[in-house]
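Structure first, then comments.
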Amino acid sequence: MKQNLHTHTLFCDGKNTPEEMAESAISHGFSSLGFSSHVHTGFPFDECGIVSSEKTDEYFAELERLKRKYDGQLKIFSGLELESRDSVSMTPSIDRRCDYAIGSVHWFWKGDDHWEVDWKSEIFLEAKEAFGGWRPLIESYYEEVKRFASFSPYQITGHIDLVTKFCEKNGWKFEDESWYRDAALAAAEECIRHGKIVEVNTGAISRSYRTTPYPAPFILKYLREKNAPITLSSDCHAKENIEVAFDETLEMLRKIGFRELYVLTGDGFRAEGISG
């Protein structure tokens with residue numbers, strides 16, 4: 001089954017309509033497609049999420065329309081990409097209309113202050129200065145990943161090592177430090193402990209920030225040793241990136257030792273063998 005569960009459209013920060021994304025999926029030979037717009041958080045500084053509860057209703061209504069339109073041609077799933085916090089609660093809930101949810105951390109938090117993890121490297125460096133160095137900054141991110149996995153019933157952990165997005169282009173080397181690897185693997189272990197599927201995400205490749213997917217090979221090897229469930233997505237924000245670098249990533253996963261991916265079906269998630 002060819003599937004991508006991490007896609008964004010004009011309902012949040014994507015560039016295409018859901019219908020355009022569905023047509024692209026069909027043209028690329030997908031049998032199913034999941035939509036995962038950034039959830040409406042209510043934060044005034046959130047420029048990526050669905051802007052209101054009314055717009056959220058419109059989003060789910062449009063996905064229901066597409067489910068009917070493409071029935072028998074493309075299986076469509078309704079999802080959201082949740083944030084670890086929202087303006088009302090530290091424990092955001094999953095909308096009942098969701099077939100699944102992705103849980104992601106996109107902000108560094110220090111009290112009520114916040115900085116985007118993946119927006120601009122300049123903002124990332126501002127956060128580093130505020131936290132007093134790489135280590136306290138990065139460890140705070142992985143603590144948030146662990147906290148989120150521990151309380152939220154979302155099924156998929158999104159781009160678990162998003163903090164490495166700018167490393168390759170900027171020559172940042174904190175990934176080589178033992179404390180970094182300890183923090184990243186502790187977060188991976190917490191996700192495993194709470195039954196999360198860990199996402200292998202090619203999105204930064206399509207945007208030319210990385211030449212390899214999230215997560216890093218050492219995390220993938222750890223996930224394989226632990227027999228952790230994984231899924232593959234492109235985190236696409238444009239229809240042309242719906243399966244960017246999938247073939248290369250599948251080959252990498254096979255070399256690490258993975259033999260199956262988790263896919264969503266009408267009966268829930270199930271393991272499916274990696275072909276080739």
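We label chains A, B, ... in the order they appear in the structure tokens, count residues from 1 in each chain, and number ligands from 1 in the order shown.
For stretch 133-274 of chain A, the set of residues given strand (DSSP E or B) by DSSP on the backbone reads Ile156, Thr157, Ile197, Val198, Glu199, Val200, Asn201, Tyr214, Ile230, Thr231, Leu232, Ser233, Cys236, Glu260, Leu261, Tyr262, Val263, Leu264, Thr265, Gly268, Phe269, Arg270, Ala271, Glu272 and Gly273 of chain A.
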Close residues, stretch 265-270 of chain A itself excluded, 9 Å, only C-alpha atoms, min 2 positions apart in chain, as a VMD selection string: chain A and resid 32 75 77 99 to 100 261 to 263 272
For those residues, write all heavy atoms to a file as a PDB file, in the first residue's frame.
```
ATOM      1  N   SER A  32      -3.895   5.341  -0.777  1.00  0.00           N
ATOM      2  CA  SER A  32      -4.556   6.081   0.299  1.00  0.00           C
ATOM      3  C   SER A  32      -3.756   7.320   0.634  1.00  0.00           C
ATOM      4  O   SER A  32      -2.557   7.405   0.358  1.00  0.00           O
ATOM      5  CB  SER A  32      -4.739   5.204   1.542  1.00  0.00           C
ATOM      6  OG  SER A  32      -3.490   4.717   1.998  1.00  0.00           O
ATOM      7  N   LYS A  75      -8.399   5.993  -0.991  1.00  0.00           N
ATOM      8  CA  LYS A  75      -8.890   6.012   0.379  1.00  0.00           C
ATOM      9  C   LYS A  75      -8.338   7.252   1.078  1.00  0.00           C
ATOM     10  O   LYS A  75      -7.118   7.460   1.105  1.00  0.00           O
ATOM     11  CB  LYS A  75      -8.439   4.744   1.121  1.00  0.00           C
ATOM     12  CG  LYS A  75      -8.881   4.652   2.566  1.00  0.00           C
ATOM     13  CD  LYS A  75     -10.359   4.390   2.692  1.00  0.00           C
ATOM     14  CE  LYS A  75     -10.768   4.121   4.138  1.00  0.00           C
ATOM     15  NZ  LYS A  75     -12.229   3.960   4.268  1.00  0.00           N
ATOM     16  N   PHE A  77      -8.080   9.683   4.532  1.00  0.00           N
ATOM     17  CA  PHE A  77      -8.197   9.704   5.987  1.00  0.00           C
ATOM     18  C   PHE A  77      -8.107  11.143   6.489  1.00  0.00           C
ATOM     19  O   PHE A  77      -7.322  11.947   5.980  1.00  0.00           O
ATOM     20  CB  PHE A  77      -7.083   8.871   6.635  1.00  0.00           C
ATOM     21  CG  PHE A  77      -7.171   7.399   6.331  1.00  0.00           C
ATOM     22  CD1 PHE A  77      -6.332   6.817   5.388  1.00  0.00           C
ATOM     23  CD2 PHE A  77      -8.105   6.600   6.981  1.00  0.00           C
ATOM     24  CE1 PHE A  77      -6.411   5.464   5.101  1.00  0.00           C
ATOM     25  CE2 PHE A  77      -8.198   5.248   6.697  1.00  0.00           C
ATOM     26  CZ  PHE A  77      -7.352   4.678   5.754  1.00  0.00           C
ATOM     27  N   ASP A  99      -9.496  10.514  11.997  1.00  0.00           N
ATOM     28  CA  ASP A  99      -9.197   9.097  11.855  1.00  0.00           C
ATOM     29  C   ASP A  99      -7.873   8.759  12.530  1.00  0.00           C
ATOM     30  O   ASP A  99      -7.627   7.600  12.888  1.00  0.00           O
ATOM     31  CB  ASP A  99      -9.104   8.711  10.374  1.00  0.00           C
ATOM     32  CG  ASP A  99     -10.419   8.908   9.639  1.00  0.00           C
ATOM     33  OD1 ASP A  99     -11.463   8.496  10.185  1.00  0.00           O
ATOM     34  OD2 ASP A  99     -10.400   9.465   8.521  1.00  0.00           O
ATOM     35  N   TYR A 100      -7.021   9.758  12.695  1.00  0.00           N
ATOM     36  CA  TYR A 100      -5.707   9.589  13.327  1.00  0.00           C
ATOM     37  C   TYR A 100      -5.162  10.968  13.651  1.00  0.00           C
ATOM     38  O   TYR A 100      -5.708  11.993  13.197  1.00  0.00           O
ATOM     39  CB  TYR A 100      -4.734   8.850  12.388  1.00  0.00           C
ATOM     40  CG  TYR A 100      -4.293   9.704  11.223  1.00  0.00           C
ATOM     41  CD1 TYR A 100      -3.054  10.342  11.208  1.00  0.00           C
ATOM     42  CD2 TYR A 100      -5.141   9.903  10.121  1.00  0.00           C
ATOM     43  CE1 TYR A 100      -2.665  11.139  10.143  1.00  0.00           C
ATOM     44  CE2 TYR A 100      -4.759  10.695   9.051  1.00  0.00           C
ATOM     45  CZ  TYR A 100      -3.517  11.312   9.067  1.00  0.00           C
ATOM     46  OH  TYR A 100      -3.140  12.113   8.018  1.00  0.00           O
ATOM     47  N   LEU A 261       6.503  -1.341   7.442  1.00  0.00           N
ATOM     48  CA  LEU A 261       6.015  -0.024   7.817  1.00  0.00           C
ATOM     49  C   LEU A 261       4.601  -0.177   8.356  1.00  0.00           C
ATOM     50  O   LEU A 261       3.900  -1.134   8.019  1.00  0.00           O
ATOM     51  CB  LEU A 261       5.968   0.912   6.603  1.00  0.00           C
ATOM     52  CG  LEU A 261       7.274   1.278   5.915  1.00  0.00           C
ATOM     53  CD1 LEU A 261       6.970   2.068   4.643  1.00  0.00           C
ATOM     54  CD2 LEU A 261       8.165   2.090   6.842  1.00  0.00           C
ATOM     55  N   TYR A 262       4.186   0.786   9.165  1.00  0.00           N
ATOM     56  CA  TYR A 262       2.806   0.793   9.630  1.00  0.00           C
ATOM     57  C   TYR A 262       1.989   1.718   8.741  1.00  0.00           C
ATOM     58  O   TYR A 262       2.393   2.848   8.452  1.00  0.00           O
ATOM     59  CB  TYR A 262       2.726   1.214  11.101  1.00  0.00           C
ATOM     60  CG  TYR A 262       2.898   0.031  12.026  1.00  0.00           C
ATOM     61  CD1 TYR A 262       4.128  -0.612  12.110  1.00  0.00           C
ATOM     62  CD2 TYR A 262       1.841  -0.467  12.755  1.00  0.00           C
ATOM     63  CE1 TYR A 262       4.297  -1.721  12.921  1.00  0.00           C
ATOM     64  CE2 TYR A 262       1.991  -1.577  13.569  1.00  0.00           C
ATOM     65  CZ  TYR A 262       3.220  -2.207  13.645  1.00  0.00           C
ATOM     66  OH  TYR A 262       3.373  -3.315  14.435  1.00  0.00           O
ATOM     67  N   VAL A 263       0.862   1.215   8.285  1.00  0.00           N
ATOM     68  CA  VAL A 263      -0.047   1.968   7.428  1.00  0.00           C
ATOM     69  C   VAL A 263      -1.418   2.001   8.083  1.00  0.00           C
ATOM     70  O   VAL A 263      -1.774   1.123   8.866  1.00  0.00           O
ATOM     71  CB  VAL A 263      -0.145   1.360   6.013  1.00  0.00           C
ATOM     72  CG1 VAL A 263       1.196   1.422   5.303  1.00  0.00           C
ATOM     73  CG2 VAL A 263      -0.654  -0.070   6.071  1.00  0.00           C
ATOM     74  N   GLU A 272       2.823  -3.561   7.363  1.00  0.00           N
ATOM     75  CA  GLU A 272       2.857  -4.059   5.984  1.00  0.00           C
ATOM     76  C   GLU A 272       4.304  -4.172   5.568  1.00  0.00           C
ATOM     77  O   GLU A 272       5.110  -3.270   5.814  1.00  0.00           O
ATOM     78  CB  GLU A 272       2.103  -3.109   5.065  1.00  0.00           C
ATOM     79  CG  GLU A 272       2.026  -3.597   3.630  1.00  0.00           C
ATOM     80  CD  GLU A 272       1.086  -2.737   2.797  1.00  0.00           C
ATOM     81  OE1 GLU A 272      -0.133  -2.957   2.858  1.00  0.00           O
ATOM     82  OE2 GLU A 272       1.589  -1.850   2.100  1.00  0.00           O
TER      83      GLU A 272
END
```
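Closest approach to A:Glu116 among A:Val163, A:Ile205, A:Leu66, A:Ile192 is made by A:Val163 (distances from only C-alpha atoms).
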Excluding same-chain residues fewer than 4 positions from A:Glu47, what lies within 10 Å of it counting only C-alpha atoms, as a PDB file with all heavy atoms, in the first residue's frame?
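result_29.pdb, written as the output of this step:
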```pdb
ATOM      1  N   CYS A  12      -4.016  25.164   6.179  1.00  0.00           N
ATOM      2  CA  CYS A  12      -3.018  25.623   7.152  1.00  0.00           C
ATOM      3  C   CYS A  12      -1.894  26.311   6.376  1.00  0.00           C
ATOM      4  O   CYS A  12      -2.124  27.356   5.780  1.00  0.00           O
ATOM      5  CB  CYS A  12      -2.546  24.487   8.060  1.00  0.00           C
ATOM      6  SG  CYS A  12      -1.884  23.025   7.239  1.00  0.00           S
ATOM      7  N   ASP A  13      -0.698  25.716   6.344  1.00  0.00           N
ATOM      8  CA  ASP A  13       0.428  26.384   5.687  1.00  0.00           C
ATOM      9  C   ASP A  13       0.856  25.692   4.402  1.00  0.00           C
ATOM     10  O   ASP A  13       1.973  25.887   3.925  1.00  0.00           O
ATOM     11  CB  ASP A  13       1.616  26.499   6.640  1.00  0.00           C
ATOM     12  CG  ASP A  13       2.113  25.153   7.154  1.00  0.00           C
ATOM     13  OD1 ASP A  13       1.396  24.143   6.990  1.00  0.00           O
ATOM     14  OD2 ASP A  13       3.213  25.116   7.727  1.00  0.00           O
ATOM     15  N   HIS A  38      -2.197  21.426  10.435  1.00  0.00           N
ATOM     16  CA  HIS A  38      -1.817  21.882  11.771  1.00  0.00           C
ATOM     17  C   HIS A  38      -3.065  22.311  12.533  1.00  0.00           C
ATOM     18  O   HIS A  38      -3.875  23.105  12.050  1.00  0.00           O
ATOM     19  CB  HIS A  38      -0.855  23.070  11.693  1.00  0.00           C
ATOM     20  CG  HIS A  38       0.483  22.732  11.121  1.00  0.00           C
ATOM     21  ND1 HIS A  38       1.425  22.013  11.810  1.00  0.00           N
ATOM     22  CD2 HIS A  38       1.042  23.009   9.922  1.00  0.00           C
ATOM     23  CE1 HIS A  38       2.511  21.871  11.067  1.00  0.00           C
ATOM     24  NE2 HIS A  38       2.301  22.462   9.905  1.00  0.00           N
ATOM     25  N   HIS A  40      -5.787  23.971  15.042  1.00  0.00           N
ATOM     26  CA  HIS A  40      -6.045  25.329  15.538  1.00  0.00           C
ATOM     27  C   HIS A  40      -5.662  25.380  17.016  1.00  0.00           C
ATOM     28  O   HIS A  40      -6.295  24.737  17.852  1.00  0.00           O
ATOM     29  CB  HIS A  40      -7.519  25.677  15.373  1.00  0.00           C
ATOM     30  CG  HIS A  40      -7.925  26.939  16.059  1.00  0.00           C
ATOM     31  ND1 HIS A  40      -7.329  28.156  15.803  1.00  0.00           N
ATOM     32  CD2 HIS A  40      -8.865  27.164  17.024  1.00  0.00           C
ATOM     33  CE1 HIS A  40      -7.887  29.070  16.556  1.00  0.00           C
ATOM     34  NE2 HIS A  40      -8.812  28.505  17.311  1.00  0.00           N
ATOM     35  N   THR A  41      -4.615  26.119  17.333  1.00  0.00           N
ATOM     36  CA  THR A  41      -4.140  26.185  18.721  1.00  0.00           C
ATOM     37  C   THR A  41      -4.760  27.335  19.504  1.00  0.00           C
ATOM     38  O   THR A  41      -4.811  27.288  20.730  1.00  0.00           O
ATOM     39  CB  THR A  41      -2.613  26.364  18.782  1.00  0.00           C
ATOM     40  OG1 THR A  41      -2.261  27.621  18.178  1.00  0.00           O
ATOM     41  CG2 THR A  41      -1.894  25.231  18.056  1.00  0.00           C
ATOM     42  N   PHE A  43      -3.321  30.165  19.680  1.00  0.00           N
ATOM     43  CA  PHE A  43      -2.241  31.094  19.991  1.00  0.00           C
ATOM     44  C   PHE A  43      -2.215  32.225  18.960  1.00  0.00           C
ATOM     45  O   PHE A  43      -2.227  31.964  17.748  1.00  0.00           O
ATOM     46  CB  PHE A  43      -0.888  30.392  19.970  1.00  0.00           C
ATOM     47  CG  PHE A  43      -0.625  29.504  21.139  1.00  0.00           C
ATOM     48  CD1 PHE A  43      -0.236  28.181  20.951  1.00  0.00           C
ATOM     49  CD2 PHE A  43      -0.734  29.970  22.444  1.00  0.00           C
ATOM     50  CE1 PHE A  43       0.025  27.357  22.027  1.00  0.00           C
ATOM     51  CE2 PHE A  43      -0.471  29.151  23.524  1.00  0.00           C
ATOM     52  CZ  PHE A  43      -0.090  27.842  23.320  1.00  0.00           C
ATOM     53  N   VAL A  51      -6.948  28.531  11.322  1.00  0.00           N
ATOM     54  CA  VAL A  51      -7.083  29.807  12.011  1.00  0.00           C
ATOM     55  C   VAL A  51      -8.236  29.880  13.004  1.00  0.00           C
ATOM     56  O   VAL A  51      -8.252  30.766  13.860  1.00  0.00           O
ATOM     57  CB  VAL A  51      -7.208  30.969  11.001  1.00  0.00           C
ATOM     58  CG1 VAL A  51      -5.946  31.084  10.171  1.00  0.00           C
ATOM     59  CG2 VAL A  51      -8.428  30.792  10.112  1.00  0.00           C
TER      60      VAL A  51
END
```
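Atom CA of A:Glu251 sits 22.2 Å away from atom CA of A:Thr7.
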So that I can check the surroundings of stretch 136-148 of chain A, please list as a CSV table (one decimal) with C-alpha atoms, in the first residue's frame every protein, DNA and RNA residue that reaches within 9 Å of it, counting only C-alpha atoms and ignoring chain neighbours fewer than 2 positions away.
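Here's the written file result_29.csv:
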```csv
chain,number,residue,atom,x,y,z
A,83,GLU,CA,0.8,20.7,19.1
A,84,SER,CA,2.0,19.8,22.6
A,85,ARG,CA,0.3,22.8,24.0
A,91,THR,CA,-3.1,18.7,27.2
A,103,GLY,CA,1.9,14.7,17.6
A,104,SER,CA,4.7,17.2,17.0
A,105,VAL,CA,6.7,19.8,18.9
A,106,HIS,CA,7.3,23.0,16.9
A,107,TRP,CA,8.1,25.4,19.6
A,108,PHE,CA,10.7,25.8,22.4
A,109,TRP,CA,9.1,26.8,25.6
A,110,LYS,CA,10.6,28.7,28.6
A,117,VAL,CA,12.0,25.2,16.3
A,127,ALA,CA,16.4,30.5,21.6
A,128,LYS,CA,19.9,29.1,22.1
A,129,GLU,CA,20.9,32.5,23.6
A,130,ALA,CA,17.8,32.6,25.8
A,131,PHE,CA,18.4,29.1,27.2
A,132,GLY,CA,22.1,29.6,27.7
A,133,GLY,CA,23.6,27.1,25.1
A,134,TRP,CA,22.9,24.2,22.9
A,150,SER,CA,3.2,10.6,27.9
A,151,PHE,CA,-0.2,12.3,28.0
A,152,SER,CA,-1.6,12.5,24.5
A,157,THR,CA,5.2,11.0,16.7
A,160,ILE,CA,11.1,13.4,16.4
A,161,ASP,CA,14.5,15.1,15.9
A,163,VAL,CA,15.8,20.3,16.2
A,174,PHE,CA,25.6,19.3,18.6
A,179,TRP,CA,24.4,14.3,25.8
A,180,TYR,CA,22.5,15.0,22.5
A,183,ALA,CA,18.4,13.0,25.0
A,184,ALA,CA,17.2,11.9,21.6
A,186,ALA,CA,15.4,8.9,25.8
A,187,ALA,CA,12.7,10.7,23.8
A,188,ALA,CA,12.5,7.8,21.3
A,189,GLU,CA,12.2,5.3,24.2
A,190,GLU,CA,9.4,7.3,25.8
A,191,CYS,CA,7.5,7.3,22.5
```
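With distances taken over only C-alpha atoms, A:Met21 is the one residue among A:Ala216, A:Ala61, A:Leu162, A:Met21 lying closest to A:Leu33.
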Using only C-alpha atoms, which protein or nucleic acid residues come within 10 Å of A:Ser78? Drop anything in the same chain fewer than 2 positions from it, and give the result as number ranges by chain. A: 5, 33-37, 59-64, 67, 76, 80, 97-101
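With only C-alpha atoms as the atoms that count, the residue of A:Ser27, A:Ser89, A:Thr249, A:Asp95 with the shortest distance to A:Asp57 is A:Asp95.
Atom CA of A:Ile94 is positioned 24.2 Å from atom CA of A:Gly111.
Residue nearest A:Cys167 within the list A:Leu223, A:Ile230, A:Ala204, A:Ile102: A:Ala204 [criterion: smallest interatomic distance, only C-alpha atoms].
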List every residue of stretch 161-252 of chain A that DSSP, applied to the backbone of this structure, places in alpha helix (DSSP H), and write the result as a CSV table (one decimal) with C-alpha atoms, in the first residue's frame.
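File states.csv, as written:
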```
chain,number,residue,atom,x,y,z
A,167,CYS,CA,22.4,21.6,11.4
A,168,GLU,CA,23.5,20.4,7.9
A,169,LYS,CA,23.4,23.8,6.3
A,170,ASN,CA,24.9,25.7,9.2
A,178,SER,CA,26.9,12.2,23.8
A,179,TRP,CA,24.4,14.3,25.8
A,180,TYR,CA,22.5,15.0,22.5
A,181,ARG,CA,22.3,11.3,21.7
A,182,ASP,CA,21.2,10.4,25.2
A,183,ALA,CA,18.4,13.0,25.0
A,184,ALA,CA,17.2,11.9,21.6
A,185,LEU,CA,17.2,8.2,22.5
A,186,ALA,CA,15.4,8.9,25.8
A,187,ALA,CA,12.7,10.7,23.8
A,188,ALA,CA,12.5,7.8,21.3
A,189,GLU,CA,12.2,5.3,24.2
A,190,GLU,CA,9.4,7.3,25.8
A,191,CYS,CA,7.5,7.3,22.5
A,192,ILE,CA,8.0,3.5,22.2
A,193,ARG,CA,6.8,3.1,25.8
A,203,GLY,CA,10.0,16.8,4.4
A,204,ALA,CA,13.3,18.6,5.0
A,205,ILE,CA,14.8,17.0,1.9
A,206,SER,CA,12.1,18.5,-0.3
A,217,PRO,CA,20.4,6.9,11.4
A,218,PHE,CA,21.4,6.3,15.1
A,219,ILE,CA,17.8,6.9,16.2
A,220,LEU,CA,16.5,4.6,13.4
A,221,LYS,CA,19.0,1.9,14.4
A,222,TYR,CA,17.7,2.2,18.0
A,223,LEU,CA,14.1,2.0,16.8
A,224,ARG,CA,15.0,-1.1,14.9
A,225,GLU,CA,16.7,-2.8,17.9
A,246,PHE,CA,10.6,7.7,-0.8
A,247,ASP,CA,12.6,5.2,-2.8
A,248,GLU,CA,15.9,6.2,-1.3
A,249,THR,CA,14.5,6.3,2.2
A,250,LEU,CA,12.9,2.8,1.8
A,251,GLU,CA,16.3,1.5,0.6
A,252,MET,CA,18.0,3.0,3.7
```
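Proximity of A:Ala228, A:Leu264, A:Ala245, A:Ile256 to A:Arg210, computed with only C-alpha atoms, is greatest for A:Ala245.
Nearest to A:Glu122 of all the residues A:His28, A:Asp46, A:Asp71, A:Phe166 is A:Phe166, based on only C-alpha atoms.
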